[in-house]
Amino acid sequence: MPFTPSLDISIRFRADAEIVWAALVDKKLRRDWWPHVRIRTPETSSKVTGKGDFSLVNPEKERSWSRAEASGSITKIKAPRKIRADLVSQPGGFETALRIDLTQLERKTKLQLVEQGFPEGRHCERIVAECRDWWRAMLEALDDYLAEPENVERIERRIRAG
């Protein structure tokens with residue numbers, strides 16, 4: 001069976017899926033825990049609600065030769081559960097497909113992030129490892145942000161305010 005370079009990361013947050021979703025898609029909230037992402041959508045809202053373009057910048061880009069920056073298109077959003085996107089990473093120049101799924105558990109939320117389509121060849125393990133570390137750092141920042149009760153309260157207020 002051939003090896004298909006991909007990564008699959010799951011994490012559980014001690015917050016409801018609605019809270020995790022808001023932290024992911026609301027620009028003002030996302031800036032608090034992940035200031036290196038820029039998402040542009042056609043909507044005038046501060047929330048990602050549909051297809052659009054984005055740019056992700058690795059804050060440690062000087063140490064990465066496979067992904068210092070990724071840009072792409074959000075291809076599907078199904079609030080509050082699914083995000084699909086196509087990425088192009090630089091300086092590696094490779095294209096991947098990203099899938100983020102949220103599942104509500106009892107008093108927790110499971111987030112699964114799958115990225116597929118990495119280049120095969122001599123350095124594929126290193127590329128996948130760097131990208132995995134990049135996503136883990138992002139998810140760790142989100143976990144730290146959601147661990148603070150005042151941040152969760154702020155998110156709840158923004159959800160209630162609409």
# chains A, B, ... in the order shown; residues from 1 in each chain; ligands from 1

$ residues_around --residues "region 92-101 of chain A" --least-positions-apart "6" --cutoff "8 Å" --atoms "only C-alpha atoms" --output "PyMOL selection string"
chain A and resi 65-67+81-86+111-119

$ atom_distance --atom1 "CA of Gly121 (chain A)" --atom2 "CA of Gln90 (chain A)"
17.2 Å

$ closest_residue --among "A:Ile11, A:Ala137, A:Ile127, A:Leu146" --to "Ala23 (chain A)" --atoms "only C-alpha atoms"
A:Leu146

$ atom_distance --atom1 "CA of Arg136 (chain A)" --atom2 "CA of Val152 (chain A)"
20.7 Å

$ residues_around --residues "Glu140 (chain A)" --least-positions-apart "2" --cutoff "12 Å" --atoms "only C-alpha atoms" --output "NGL selection string"
:A and (9-13 or 33-34 or 111 or 132-138 or 142-147)

$ residues_around --residues "region 14-17 of chain A" --least-positions-apart "5" --cutoff "7 Å" --atoms "only C-alpha atoms" --output "NGL selection string"
:A and (102-104 or 107-109)
